[in-house]
Amino acid sequence: MATPIAVRHVRTAIRQHFAEVIDFSDAPGNSLEDIEPSSTALTRGLAALAVAKLSGCEIGEAGASVIDGTDDGGIDAVHVDSSRSRLWLVQSKWRAKGNATLNSEAVLKFWRGVGRILSADVADFNDRFQKKWPDVLDTIENPSVRITVVMAILGDDPVHPDISGENDYFVRLHGADTVDVEYLHLSDFHQFVKSGINRPRVDLDVMVDRCSEYEGPYPAYFGMVPVGQIKQWYEDHGDRLFDRNIRRSLGVTGVNQGLIETLKSEPEHFWYFNNGITVLADSVRRGVKYKGVPGGSGQLTVEGGSIVNGAQTVTAIHRAVREDPEVGERAQVAVRFISLGAEEDDFGERVTTATNTQNQVERRDFVALDKVQAELRDDLALTLGKTYALKRGEQIIPSQDVGCTVREATLALLCADPRTEWVARAKENEDVLWGPASDPLYKRLFGPEPTSARVWNSVRLFRLAQEQLKFLADQREGRGAAIAEQGRLFITHLVFQDADMSEIGDLDADWDTELANAAESVEPLLDLTIHYVDARFGNTSFPLTTFKNPERCVELSESVLTHLETGQPVSPAVREAYTKPKKQRKPRTVSTLIDANAITEGTTLVFEPQSGPQRRGMRVWLEEGPERRYATWTNDRSQPLLWGGDGRQYSPSNLSLRMIQAAMGAKAPKAVQGPKLWFVPGEGSLVDLAEQVLRGEEE
């Protein structure tokens, strides 16, 4: 069977764009530079292509996202958006005949890897993933994160119902409000490469209701667009819609969640509550049809479009219409399209800046209008001499003894309240705390005006628990650290529920003693929380999802507090399982080899660049001086390589970097791992030989 033309087109695009940006140093013999690349090489290329399509990132970023190889956890690529609110985890399947399918074993392995990442159990992942881990951790700890699990399949057969069912199960396990699955098939990749991988242009055909034209120096059109069209824009183009914007979508923020709720509950009112969307384009043309009808519809052809204001509106629309398709026709949004034309000036940048730098009013700002808050501020000042920073502009408290912010006070009163489900709601979206004054939650916290003593003592206990949990999180690793971090508000709530709160509002009470008692309860409550999260929801459940879920939090709270009432101790195994061990420094490669007498003095070593760019960048330089490729081994712990290039001794890393810089100039990296680049012919690199020694010692 001949290779289908769509497969050939995708393969050609992968070779053309990713040959120089995907690392194959761990897989000698595999390269996208080959005329017939291996399946391994093309699988990595397909994973990078999936990242480029979905995220709209640069080719280099997409190539760097690939972690496929040993200890990859079944995951082929990992990409974090610059906003730290989007994470893509990719598994790719390549088949030269264009008939790739998913198999249950690989999918389950993939989800196990996803679960380990979401539980921060990543110590055994490979080096390429470890370099990404700080950014990945920041992202999964963001309550607004959106995580897309991508299954990139070079085939167009429908996904088997058993496998789609497994995927749906894991989405529910980790939280459908946070995790989703996207399938990319051969037809999707073919369409993508046909449109052009290098920042493909976004073209839109738009039907605008009540379309009007502004005949200024930059022609513009504006009117109302059904949100169903906006949803389709995002389906077709993803985050590439925002290429000219100062940021991409921020995920499910408080503002976005409010937009989603408005769209679903009162779609006819959405236009009134939303500022609209601004689209800049290379050109905007109005079709002849409807053109002569005043205030009528307009058929617009938009070429090279980009949304520069309204990214959050677009992603909120996409989510709302996906959850309730009827919203697509019932709600409209105001959109304006500005044609920049062929002029090369900075007008587009000025529009982008102007539309994104207007002061934003947050829901919390309206709390300052509540007279209860003003009275509480005065009470704290007159009774205790404490500052109550009520407005955002006065949020800086020079020291904790001076006073507190309205946010600290609200979170402390929330933790003191026995209703666990509200803690989960606040973890999902903190905006639920900020009124209006008639809101049940806000009335519960501030309705019967809290005394200054109750507020101040609550803040002190809140701070103590939060600081202790930050310290304990640092003592844990993996899943234990993730639960301590993501569950900080929930566990603080448990600390309040376990404390004796009977005298919290009494100025004369011995609150310092109660604080000391509470401090001793923080670690046992953390350990019990870890134990019951694993016991009730599984040791691969996503901690962030657990602590945003009201039902789970109520069940968890009941389990922990009931256990505490029995007086039973916490099993030491819980703490030991997730306690961070003392780091043992990995033995140095050169010292390991010398101590084991693994390389005979005088052995000739060969320099072998491992990445495509290095091989190409050094080829001519090495050919000009063949002796540059060789060095002689000496049993010198600091400078074991006697280089053929100048007869001097160097460490492997210093010599490698010196050679690469001499050959590649400004294109050279700032640092290299030299022992991976010097080889004993027929035996392996210095790193390979050192690892053989260490494995032998362990055995």
# chains A, B, ... in the order shown; residues from 1 in each chain; ligands from 1

$ residues_around --residues "A:Ile67" --least-positions-apart "4" --cutoff "10 Å" --atoms "only C-alpha atoms" --output "PyMOL selection string"
chain A and resi 22-23+44+47-48+63+71-79+90+125-130+132

$ write_last_selection --atoms "C-alpha atoms" --output "compact mmCIF listing (two decimals), in the first residue's frame"
# COMPACT_ATOMS: atom_id res chain seq x y z
CA ILE A 22 13.95 18.26 18.53
CA ASP A 23 16.57 16.60 20.72
CA ARG A 44 8.40 12.97 18.31
CA ALA A 47 3.98 15.44 19.17
CA ALA A 48 5.73 18.75 18.48
CA GLY A 63 10.30 21.20 19.48
CA ASP A 71 11.31 7.58 31.81
CA ASP A 72 8.81 9.81 29.97
CA GLY A 73 5.82 8.41 31.90
CA GLY A 74 4.08 7.57 28.63
CA ILE A 75 3.98 11.26 27.69
CA ASP A 76 5.59 12.47 24.47
CA ALA A 77 5.39 16.26 24.88
CA VAL A 78 4.69 18.82 27.62
CA HIS A 79 4.00 22.48 26.91
CA VAL A 90 0.60 15.00 24.46
CA PHE A 125 10.80 11.42 35.09
CA ASN A 126 13.66 12.08 32.68
CA ASP A 127 15.95 15.10 32.56
CA ARG A 128 14.05 16.81 29.75
CA PHE A 129 10.90 16.80 31.83
CA GLN A 130 12.75 17.92 34.97
CA LYS A 132 10.18 21.90 32.57

$ residues_around --residues "stretch 640-642 of chain A" --least-positions-apart "3" --cutoff "12 Å" --atoms "only C-alpha atoms" --output "PyMOL selection string"
chain A and resi 589-591+593-594+599-607+627-637+645-656+674-675+678-679+686

$ write_last_selection --atoms "C-alpha atoms" --output "PDB file, in the first residue's frame"
ATOM      1  CA  THR A 589      31.515  11.325  36.450  1.00  0.00           C
ATOM      2  CA  VAL A 590      35.280  11.797  36.253  1.00  0.00           C
ATOM      3  CA  SER A 591      35.910  10.826  39.897  1.00  0.00           C
ATOM      4  CA  LEU A 593      35.720   6.604  36.454  1.00  0.00           C
ATOM      5  CA  ILE A 594      39.122   7.248  38.043  1.00  0.00           C
ATOM      6  CA  ILE A 599      39.505   3.889  31.555  1.00  0.00           C
ATOM      7  CA  THR A 600      43.129   3.025  30.961  1.00  0.00           C
ATOM      8  CA  GLU A 601      45.411   6.058  30.970  1.00  0.00           C
ATOM      9  CA  GLY A 602      46.367   6.947  27.420  1.00  0.00           C
ATOM     10  CA  THR A 603      43.041   5.796  25.907  1.00  0.00           C
ATOM     11  CA  THR A 604      41.934   7.890  22.923  1.00  0.00           C
ATOM     12  CA  LEU A 605      38.528   9.544  23.258  1.00  0.00           C
ATOM     13  CA  VAL A 606      36.385  10.888  20.386  1.00  0.00           C
ATOM     14  CA  PHE A 607      34.201  13.997  20.461  1.00  0.00           C
ATOM     15  CA  GLU A 627      42.911  16.419  15.455  1.00  0.00           C
ATOM     16  CA  ARG A 628      40.336  18.605  17.206  1.00  0.00           C
ATOM     17  CA  ARG A 629      37.983  15.623  17.479  1.00  0.00           C
ATOM     18  CA  TYR A 630      40.362  13.589  19.696  1.00  0.00           C
ATOM     19  CA  ALA A 631      41.673  13.713  23.255  1.00  0.00           C
ATOM     20  CA  THR A 632      43.758  11.405  25.433  1.00  0.00           C
ATOM     21  CA  TRP A 633      42.539  10.231  28.842  1.00  0.00           C
ATOM     22  CA  THR A 634      44.672  10.989  31.912  1.00  0.00           C
ATOM     23  CA  ASN A 635      43.837  10.091  35.505  1.00  0.00           C
ATOM     24  CA  ASP A 636      43.593  13.735  36.534  1.00  0.00           C
ATOM     25  CA  ARG A 637      40.438  14.439  38.571  1.00  0.00           C
ATOM     26  CA  GLY A 645      43.798  20.553  19.277  1.00  0.00           C
ATOM     27  CA  ASP A 646      46.434  22.346  21.372  1.00  0.00           C
ATOM     28  CA  GLY A 647      48.127  19.736  23.610  1.00  0.00           C
ATOM     29  CA  ARG A 648      46.618  21.179  26.811  1.00  0.00           C
ATOM     30  CA  GLN A 649      44.531  19.505  29.507  1.00  0.00           C
ATOM     31  CA  TYR A 650      40.866  20.326  30.164  1.00  0.00           C
ATOM     32  CA  SER A 651      37.804  19.102  31.987  1.00  0.00           C
ATOM     33  CA  PRO A 652      35.266  17.459  29.607  1.00  0.00           C
ATOM     34  CA  SER A 653      32.719  20.285  29.961  1.00  0.00           C
ATOM     35  CA  ASN A 654      35.193  23.162  29.617  1.00  0.00           C
ATOM     36  CA  LEU A 655      36.796  21.594  26.557  1.00  0.00           C
ATOM     37  CA  SER A 656      33.447  20.804  24.922  1.00  0.00           C
ATOM     38  CA  GLY A 674      30.734  17.601  28.387  1.00  0.00           C
ATOM     39  CA  PRO A 675      30.911  13.984  29.650  1.00  0.00           C
ATOM     40  CA  TRP A 678      33.240  12.403  24.760  1.00  0.00           C
ATOM     41  CA  PHE A 679      33.218   8.708  23.854  1.00  0.00           C
ATOM     42  CA  LEU A 686      31.925   9.056  29.790  1.00  0.00           C
TER      43      LEU A 686
END

$ select_by_dssp --residues "stretch 442-656 of chain A" --states "strand (DSSP E)" --output "JSON, numbers by chain"
{"A": [604, 605, 606, 607, 630, 631, 632, 633, 641, 642, 643, 649, 650]}

$ write_last_selection --atoms "C-alpha atoms" --output "short mmCIF file (atom, residue, chain, number, x, y, z; two decimals), in the first residue's frame"
data_model
loop_
_atom_site.label_atom_id
_atom_site.label_comp_id
_atom_site.auth_asym_id
_atom_site.auth_seq_id
_atom_site.Cartn_x
_atom_site.Cartn_y
_atom_site.Cartn_z
CA THR A 604 41.93 7.89 22.92
CA LEU A 605 38.53 9.54 23.26
CA VAL A 606 36.38 10.89 20.39
CA PHE A 607 34.20 14.00 20.46
CA TYR A 630 40.36 13.59 19.70
CA ALA A 631 41.67 13.71 23.25
CA THR A 632 43.76 11.40 25.43
CA TRP A 633 42.54 10.23 28.84
CA LEU A 641 41.41 15.28 28.78
CA LEU A 642 44.63 16.05 26.89
CA TRP A 643 43.27 17.69 23.77
CA GLN A 649 44.53 19.50 29.51
CA TYR A 650 40.87 20.33 30.16
#

$ atom_distance --atom1 "atom CA of A:Gly310" --atom2 "atom CA of A:Met151"
28.8 Å

$ atom_distance --atom1 "atom CA of A:Asp439" --atom2 "atom CA of A:Arg377"
20.8 Å

$ atom_distance --atom1 "atom CA of A:Val171" --atom2 "atom CA of A:Asn99"
25.9 Å

$ residues_around --residues "A:Leu525" --least-positions-apart "6" --cutoff "10 Å" --atoms "only C-alpha atoms" --output "list of chain:residue names"
A:Ile491, A:Thr492, A:Leu494, A:Val495, A:Asp498, A:His531, A:Val560, A:Leu561, A:His563, A:Leu564, A:Val570

$ closest_residue --among "A:Leu49, A:Ile277, A:Lys443, A:Arg460" --to "A:Asp401" --atoms "only C-alpha atoms"
A:Arg460

$ select_by_dssp --residues "stretch 54-296 of chain A" --states "alpha helix (DSSP H)" --output "VMD selection string"
chain A and resid 54 to 55 59 to 64 104 to 118 127 to 140 161 to 174 186 to 195 227 to 237 254 to 265 270 to 273

$ closest_residue --among "A:Ala2, A:Ala62, A:Val181, A:Val206" --to "A:Ala50" --atoms "only C-alpha atoms"
A:Ala62

$ residues_around --residues "A:Leu32" --least-positions-apart "5" --cutoff "7 Å" --atoms "only C-alpha atoms" --output "list in words"
Arg15, Ala19, Pro37 and Ala41 of chain A

$ residues_around --residues "stretch 474-483 of chain A" --least-positions-apart "3" --cutoff "10 Å" --atoms "only C-alpha atoms" --output "ChimeraX atom specification"
/A:116-123,137,140-141,469-471,486-488,491,526-527,529-531,533-534,539-544,546-547,574-581

$ write_last_selection --atoms "N, CA and C atoms" --output "short mmCIF file (atom, residue, chain, number, x, y, z; two decimals), in the first residue's frame"
data_model
loop_
_atom_site.label_atom_id
_atom_site.label_comp_id
_atom_site.auth_asym_id
_atom_site.auth_seq_id
_atom_site.Cartn_x
_atom_site.Cartn_y
_atom_site.Cartn_z
N ARG A 116 0.62 11.19 37.74
CA ARG A 116 1.84 11.45 38.52
C ARG A 116 2.23 12.93 38.44
N ILE A 117 2.07 13.53 37.26
CA ILE A 117 2.38 14.95 37.13
C ILE A 117 1.43 15.78 37.98
N LEU A 118 0.14 15.47 37.92
CA LEU A 118 -0.84 16.25 38.67
C LEU A 118 -0.70 16.04 40.17
N SER A 119 -0.08 14.91 40.57
CA SER A 119 0.17 14.66 41.99
C SER A 119 1.58 15.07 42.40
N ALA A 120 2.32 15.66 41.47
CA ALA A 120 3.70 16.13 41.72
C ALA A 120 4.62 14.98 42.10
N ASP A 121 4.34 13.79 41.60
CA ASP A 121 5.18 12.61 41.85
C ASP A 121 6.05 12.38 40.62
N VAL A 122 7.06 13.23 40.44
CA VAL A 122 7.79 13.25 39.17
C VAL A 122 9.28 12.99 39.32
N ALA A 123 9.70 12.48 40.48
CA ALA A 123 11.13 12.32 40.72
C ALA A 123 11.78 11.39 39.70
N LEU A 137 4.86 22.91 37.52
CA LEU A 137 4.35 22.99 38.90
C LEU A 137 3.62 24.30 39.13
N ILE A 140 0.11 23.88 37.41
CA ILE A 140 -0.91 23.01 38.00
C ILE A 140 -1.34 23.51 39.38
N GLU A 141 -0.56 24.41 39.98
CA GLU A 141 -0.97 24.99 41.26
C GLU A 141 -1.82 26.25 41.08
N LEU A 469 1.97 25.56 57.34
CA LEU A 469 1.75 24.68 56.18
C LEU A 469 2.75 24.95 55.07
N LYS A 470 3.13 26.20 54.89
CA LYS A 470 4.17 26.51 53.91
C LYS A 470 5.47 25.82 54.28
N PHE A 471 5.80 25.85 55.57
CA PHE A 471 7.02 25.18 56.04
C PHE A 471 6.91 23.67 55.84
N GLN A 486 -1.81 22.74 47.77
CA GLN A 486 -3.16 22.97 47.23
C GLN A 486 -4.22 22.94 48.33
N GLY A 487 -3.97 22.20 49.40
CA GLY A 487 -4.95 22.08 50.46
C GLY A 487 -4.74 23.05 51.61
N ARG A 488 -3.94 24.08 51.39
CA ARG A 488 -3.59 24.97 52.50
C ARG A 488 -4.82 25.65 53.11
N ILE A 491 -6.94 22.87 54.93
CA ILE A 491 -6.35 22.40 56.19
C ILE A 491 -6.40 23.51 57.25
N LEU A 526 -2.46 17.82 58.54
CA LEU A 526 -1.90 17.65 57.19
C LEU A 526 -1.75 16.17 56.87
N ASP A 527 -1.15 15.41 57.79
CA ASP A 527 -0.95 13.98 57.54
C ASP A 527 -2.27 13.23 57.36
N THR A 529 -5.06 14.56 56.29
CA THR A 529 -5.61 14.99 55.00
C THR A 529 -4.97 14.21 53.86
N ILE A 530 -3.65 14.08 53.89
CA ILE A 530 -2.95 13.29 52.86
C ILE A 530 -3.48 11.86 52.84
N HIS A 531 -3.60 11.28 54.03
CA HIS A 531 -4.05 9.88 54.13
C HIS A 531 -5.45 9.72 53.53
N VAL A 533 -7.17 11.78 51.47
CA VAL A 533 -7.24 12.08 50.04
C VAL A 533 -6.90 10.83 49.24
N ASP A 534 -5.81 10.15 49.63
CA ASP A 534 -5.43 8.92 48.93
C ASP A 534 -6.45 7.81 49.15
N ASN A 539 -4.63 7.48 44.97
CA ASN A 539 -3.33 8.16 45.06
C ASN A 539 -2.86 8.73 43.74
N THR A 540 -3.76 8.75 42.73
CA THR A 540 -3.44 9.47 41.49
C THR A 540 -4.42 10.61 41.24
N SER A 541 -5.33 10.86 42.20
CA SER A 541 -6.27 11.97 42.02
C SER A 541 -5.53 13.30 42.05
N PHE A 542 -6.05 14.28 41.34
CA PHE A 542 -5.41 15.59 41.20
C PHE A 542 -5.74 16.43 42.43
N PRO A 543 -4.77 16.77 43.29
CA PRO A 543 -5.07 17.53 44.50
C PRO A 543 -5.85 18.82 44.26
N LEU A 544 -5.50 19.57 43.21
CA LEU A 544 -6.20 20.83 42.95
C LEU A 544 -7.69 20.60 42.75
N THR A 546 -9.48 18.10 43.89
CA THR A 546 -10.08 17.68 45.16
C THR A 546 -10.45 18.88 46.01
N PHE A 547 -9.56 19.85 46.12
CA PHE A 547 -9.80 20.97 47.04
C PHE A 547 -10.67 22.06 46.42
N VAL A 574 2.31 7.37 56.71
CA VAL A 574 1.79 8.46 55.88
C VAL A 574 2.84 9.55 55.72
N ARG A 575 3.44 9.92 56.84
CA ARG A 575 4.44 10.98 56.80
C ARG A 575 5.71 10.51 56.08
N GLU A 576 6.11 9.27 56.36
CA GLU A 576 7.35 8.75 55.77
C GLU A 576 7.23 8.64 54.25
N ALA A 577 6.02 8.31 53.76
CA ALA A 577 5.85 8.10 52.32
C ALA A 577 6.13 9.35 51.51
N TYR A 578 5.84 10.51 52.10
CA TYR A 578 5.97 11.75 51.34
C TYR A 578 6.97 12.73 51.95
N THR A 579 7.74 12.29 52.94
CA THR A 579 8.74 13.18 53.52
C THR A 579 9.96 13.24 52.62
N LYS A 580 10.44 14.43 52.39
CA LYS A 580 11.55 14.64 51.47
C LYS A 580 12.84 14.05 52.07
N PRO A 581 13.48 13.12 51.38
CA PRO A 581 14.74 12.56 51.92
C PRO A 581 15.87 13.56 51.76
#

$ closest_residue --among "A:Leu54, A:Ala573, A:Ala424, A:Leu413" --to "A:Met501" --atoms "only C-alpha atoms"
A:Leu413
